[in-house]
Amino acid sequence: MIYDAENTFLWQKDVTSVGTSGVDSDVVALGMGDAIQPLWLAVTVSAPLTDNATITVETSAKETMAGKKTLGTYTLPKGERRLNVKLPMGVLGYTRLHVAAAAGTLGAAKMNAVLVMDTDV
C-alpha cells in the first residue's frame with residue numbers, strides 16, 4: 001500500500017478514550033463524482049480493540065460537512081486490527097469518517113485510516 005497524506009483521515013490517532021459518541025476524522029477532498037477504479041478505505045490499529053468500532057463514511061458537497069450523507073457503515077470487530085473496504089459510490093466532493101465504540105471504549109490503540117489504490121487483502 002502507498003499512503004498519501006492528502007487521502008488520510010486519521011494517522012496515529014489515539015483512540016483510547018473514543019466511546020459511543022465517537023470522533024470525526026479530518027476531511028478529505030476527493031472532488032465530485034466516482035472513479036472508474038474506486039479507492040479502498042484501509043483502517044489499521046496498533047493493538048487489538050477492546051470493543052467493536054463502528055466506522056461511518058460520510059460525504060458532503062461542502063468542506064464543513066454541512067448536509068452530510070452517509071456512504072456506508074462498517075464494523076471493525078474487537079480483537080481485530082485491520083479493515084479494508086472499497087469506498088462506496090456517491091462521493092459529493094468531501095469525505096470524512098466518524099469512528100465510535102459500539103458499547104464502551106476502543107481500548108489503548110492508535111488508528112490509521114487512509115484511502116489507497118489497493119490493499120494487502
# chains A, B, ... in the order shown; residues from 1 in each chain; ligands from 1

call {"tool": "select_by_dssp", "arguments": {"residues": "stretch 18-121 of chain A", "states": "strand (DSSP E)", "output": "ChimeraX atom specification"}}
result
/A:23-24,28-29,40-45,53-60,69-76,82-86,94-101,110-116

call {"tool": "residues_around", "arguments": {"residues": "A:Val43", "least_positions_apart": "5", "cutoff": "6 Å", "atoms": "only C-alpha atoms", "output": "PyMOL selection string"}}
result
chain A and resi 82-83+112-113

call {"tool": "residues_around", "arguments": {"residues": "stretch 24-32 of chain A", "least_positions_apart": "4", "cutoff": "9 Å", "atoms": "only C-alpha atoms", "output": "PyMOL selection string"}}
result
chain A and resi 6-10+61+63-65+90-100+113

call {"tool": "closest_residue", "arguments": {"among": "A:Asp14, A:Asp118, A:Asp34, A:Asp51", "to": "A:Pro88", "atoms": "only C-alpha atoms"}}
result
A:Asp34

call {"tool": "residues_around", "arguments": {"residues": "A:Asp4", "least_positions_apart": "6", "cutoff": "10 Å", "atoms": "only C-alpha atoms", "output": "list in words"}}
result
Val114, Leu115 and Val116 of chain A

call {"tool": "closest_residue", "arguments": {"among": "A:Ser17, A:Thr59, A:Asn52, A:Gln37", "to": "A:Ala103", "atoms": "only C-alpha atoms"}}
result
A:Asn52

call {"tool": "closest_residue", "arguments": {"among": "A:Val23, A:Leu87, A:Ala101, A:Leu71", "to": "A:Leu49", "atoms": "only C-alpha atoms"}}
result
A:Ala101

call {"tool": "residues_around", "arguments": {"residues": "A:Thr44", "least_positions_apart": "3", "cutoff": "12 Å", "atoms": "only C-alpha atoms", "output": "ChimeraX atom specification"}}
result
/A:9-13,15,41,47-49,53,55,76-77,79-85,109-115,119-120

call {"tool": "write_last_selection", "arguments": {"atoms": "N, CA and C atoms", "output": "PDB file, in the first residue's frame"}}
result
ATOM      1  N   PHE A   9      -7.417  10.176   6.581  1.00  0.00           N
ATOM      2  CA  PHE A   9      -8.435  10.597   7.545  1.00  0.00           C
ATOM      3  C   PHE A   9      -7.839  10.680   8.954  1.00  0.00           C
ATOM      4  N   LEU A  10      -7.174   9.614   9.355  1.00  0.00           N
ATOM      5  CA  LEU A  10      -6.567   9.521  10.690  1.00  0.00           C
ATOM      6  C   LEU A  10      -5.169   8.943  10.545  1.00  0.00           C
ATOM      7  N   TRP A  11      -4.210   9.502  11.279  1.00  0.00           N
ATOM      8  CA  TRP A  11      -2.865   8.935  11.280  1.00  0.00           C
ATOM      9  C   TRP A  11      -2.358   8.908  12.710  1.00  0.00           C
ATOM     10  N   GLN A  12      -2.119   7.714  13.216  1.00  0.00           N
ATOM     11  CA  GLN A  12      -1.642   7.506  14.584  1.00  0.00           C
ATOM     12  C   GLN A  12      -2.553   8.207  15.602  1.00  0.00           C
ATOM     13  N   LYS A  13      -3.863   8.164  15.342  1.00  0.00           N
ATOM     14  CA  LYS A  13      -4.859   8.781  16.223  1.00  0.00           C
ATOM     15  C   LYS A  13      -5.049   7.886  17.445  1.00  0.00           C
ATOM     16  N   VAL A  15      -7.014   6.303  20.062  1.00  0.00           N
ATOM     17  CA  VAL A  15      -8.452   6.034  20.206  1.00  0.00           C
ATOM     18  C   VAL A  15      -8.797   5.481  21.580  1.00  0.00           C
ATOM     19  N   LEU A  41     -10.721   2.029   1.405  1.00  0.00           N
ATOM     20  CA  LEU A  41     -10.554   2.566   2.746  1.00  0.00           C
ATOM     21  C   LEU A  41      -9.801   1.505   3.537  1.00  0.00           C
ATOM     22  N   ALA A  47      -3.048  -2.064  18.097  1.00  0.00           N
ATOM     23  CA  ALA A  47      -3.316  -3.164  19.033  1.00  0.00           C
ATOM     24  C   ALA A  47      -4.774  -3.579  18.863  1.00  0.00           C
ATOM     25  N   PRO A  48      -5.101  -4.827  19.157  1.00  0.00           N
ATOM     26  CA  PRO A  48      -6.490  -5.251  19.031  1.00  0.00           C
ATOM     27  C   PRO A  48      -7.421  -4.371  19.883  1.00  0.00           C
ATOM     28  N   LEU A  49      -8.588  -4.047  19.321  1.00  0.00           N
ATOM     29  CA  LEU A  49      -9.564  -3.215  20.029  1.00  0.00           C
ATOM     30  C   LEU A  49     -10.266  -4.019  21.112  1.00  0.00           C
ATOM     31  N   ALA A  53     -15.540  -1.320  16.766  1.00  0.00           N
ATOM     32  CA  ALA A  53     -15.506   0.060  16.277  1.00  0.00           C
ATOM     33  C   ALA A  53     -16.474   0.176  15.111  1.00  0.00           C
ATOM     34  N   ILE A  55     -17.404   2.385  12.010  1.00  0.00           N
ATOM     35  CA  ILE A  55     -16.765   3.385  11.153  1.00  0.00           C
ATOM     36  C   ILE A  55     -17.757   3.779  10.069  1.00  0.00           C
ATOM     37  N   LEU A  76     -15.312  -2.695  12.613  1.00  0.00           N
ATOM     38  CA  LEU A  76     -14.008  -3.309  12.864  1.00  0.00           C
ATOM     39  C   LEU A  76     -14.183  -4.063  14.185  1.00  0.00           C
ATOM     40  N   PRO A  77     -14.303  -5.394  14.134  1.00  0.00           N
ATOM     41  CA  PRO A  77     -14.615  -6.161  15.346  1.00  0.00           C
ATOM     42  C   PRO A  77     -13.509  -6.093  16.397  1.00  0.00           C
ATOM     43  N   GLY A  79     -10.768  -7.143  18.907  1.00  0.00           N
ATOM     44  CA  GLY A  79      -9.770  -8.178  18.711  1.00  0.00           C
ATOM     45  C   GLY A  79      -9.116  -8.132  17.344  1.00  0.00           C
ATOM     46  N   GLU A  80      -9.719  -7.427  16.396  1.00  0.00           N
ATOM     47  CA  GLU A  80      -9.167  -7.323  15.047  1.00  0.00           C
ATOM     48  C   GLU A  80      -8.289  -6.083  14.934  1.00  0.00           C
ATOM     49  N   ARG A  81      -7.468  -6.058  13.899  1.00  0.00           N
ATOM     50  CA  ARG A  81      -6.547  -4.925  13.723  1.00  0.00           C
ATOM     51  C   ARG A  81      -6.613  -4.298  12.340  1.00  0.00           C
ATOM     52  N   ARG A  82      -7.476  -4.819  11.442  1.00  0.00           N
ATOM     53  CA  ARG A  82      -7.492  -4.313  10.077  1.00  0.00           C
ATOM     54  C   ARG A  82      -8.891  -4.402   9.462  1.00  0.00           C
ATOM     55  N   LEU A  83      -9.214  -3.358   8.683  1.00  0.00           N
ATOM     56  CA  LEU A  83     -10.449  -3.335   7.895  1.00  0.00           C
ATOM     57  C   LEU A  83     -10.108  -2.726   6.544  1.00  0.00           C
ATOM     58  N   ASN A  84     -10.450  -3.433   5.461  1.00  0.00           N
ATOM     59  CA  ASN A  84     -10.244  -2.938   4.104  1.00  0.00           C
ATOM     60  C   ASN A  84     -11.560  -3.058   3.348  1.00  0.00           C
ATOM     61  N   VAL A  85     -12.106  -1.929   2.871  1.00  0.00           N
ATOM     62  CA  VAL A  85     -13.347  -1.927   2.102  1.00  0.00           C
ATOM     63  C   VAL A  85     -13.224  -0.928   0.960  1.00  0.00           C
ATOM     64  N   ALA A 109      -5.073   1.952  21.737  1.00  0.00           N
ATOM     65  CA  ALA A 109      -4.573   1.697  20.390  1.00  0.00           C
ATOM     66  C   ALA A 109      -4.475   3.013  19.632  1.00  0.00           C
ATOM     67  N   LYS A 110      -3.660   2.998  18.603  1.00  0.00           N
ATOM     68  CA  LYS A 110      -3.575   4.122  17.672  1.00  0.00           C
ATOM     69  C   LYS A 110      -4.153   3.646  16.348  1.00  0.00           C
ATOM     70  N   MET A 111      -4.933   4.509  15.694  1.00  0.00           N
ATOM     71  CA  MET A 111      -5.638   4.134  14.472  1.00  0.00           C
ATOM     72  C   MET A 111      -5.147   4.946  13.284  1.00  0.00           C
ATOM     73  N   ASN A 112      -4.997   4.255  12.156  1.00  0.00           N
ATOM     74  CA  ASN A 112      -4.742   4.888  10.865  1.00  0.00           C
ATOM     75  C   ASN A 112      -5.934   4.582   9.970  1.00  0.00           C
ATOM     76  N   ALA A 113      -6.387   5.579   9.214  1.00  0.00           N
ATOM     77  CA  ALA A 113      -7.460   5.376   8.239  1.00  0.00           C
ATOM     78  C   ALA A 113      -7.127   6.222   7.018  1.00  0.00           C
ATOM     79  N   VAL A 114      -6.904   5.541   5.897  1.00  0.00           N
ATOM     80  CA  VAL A 114      -6.454   6.214   4.679  1.00  0.00           C
ATOM     81  C   VAL A 114      -7.177   5.633   3.462  1.00  0.00           C
ATOM     82  N   LEU A 115      -7.199   6.416   2.396  1.00  0.00           N
ATOM     83  CA  LEU A 115      -7.689   5.931   1.109  1.00  0.00           C
ATOM     84  C   LEU A 115      -6.474   5.536   0.274  1.00  0.00           C
ATOM     85  N   THR A 119      -4.945  -2.709  -1.623  1.00  0.00           N
ATOM     86  CA  THR A 119      -4.611  -3.133  -0.263  1.00  0.00           C
ATOM     87  C   THR A 119      -3.969  -4.508  -0.291  1.00  0.00           C
ATOM     88  N   ASP A 120      -3.396  -4.867   0.818  1.00  0.00           N
ATOM     89  CA  ASP A 120      -2.864  -6.224   1.009  1.00  0.00           C
ATOM     90  C   ASP A 120      -3.997  -7.075   1.554  1.00  0.00           C
TER      91      ASP A 120
END

call {"tool": "atom_distance", "arguments": {"atom1": "atom CA of A:Lys78", "atom2": "atom CA of A:Ser21"}}
result
17.3 Å

call {"tool": "atom_distance", "arguments": {"atom1": "atom CA of A:Leu106", "atom2": "atom CA of A:Val45"}}
result
10.3 Å

call {"tool": "closest_residue", "arguments": {"among": "A:Gly33, A:Pro38, A:Gly104, A:Gly67", "to": "A:Thr54", "atoms": "only C-alpha atoms"}}
result
A:Gly104
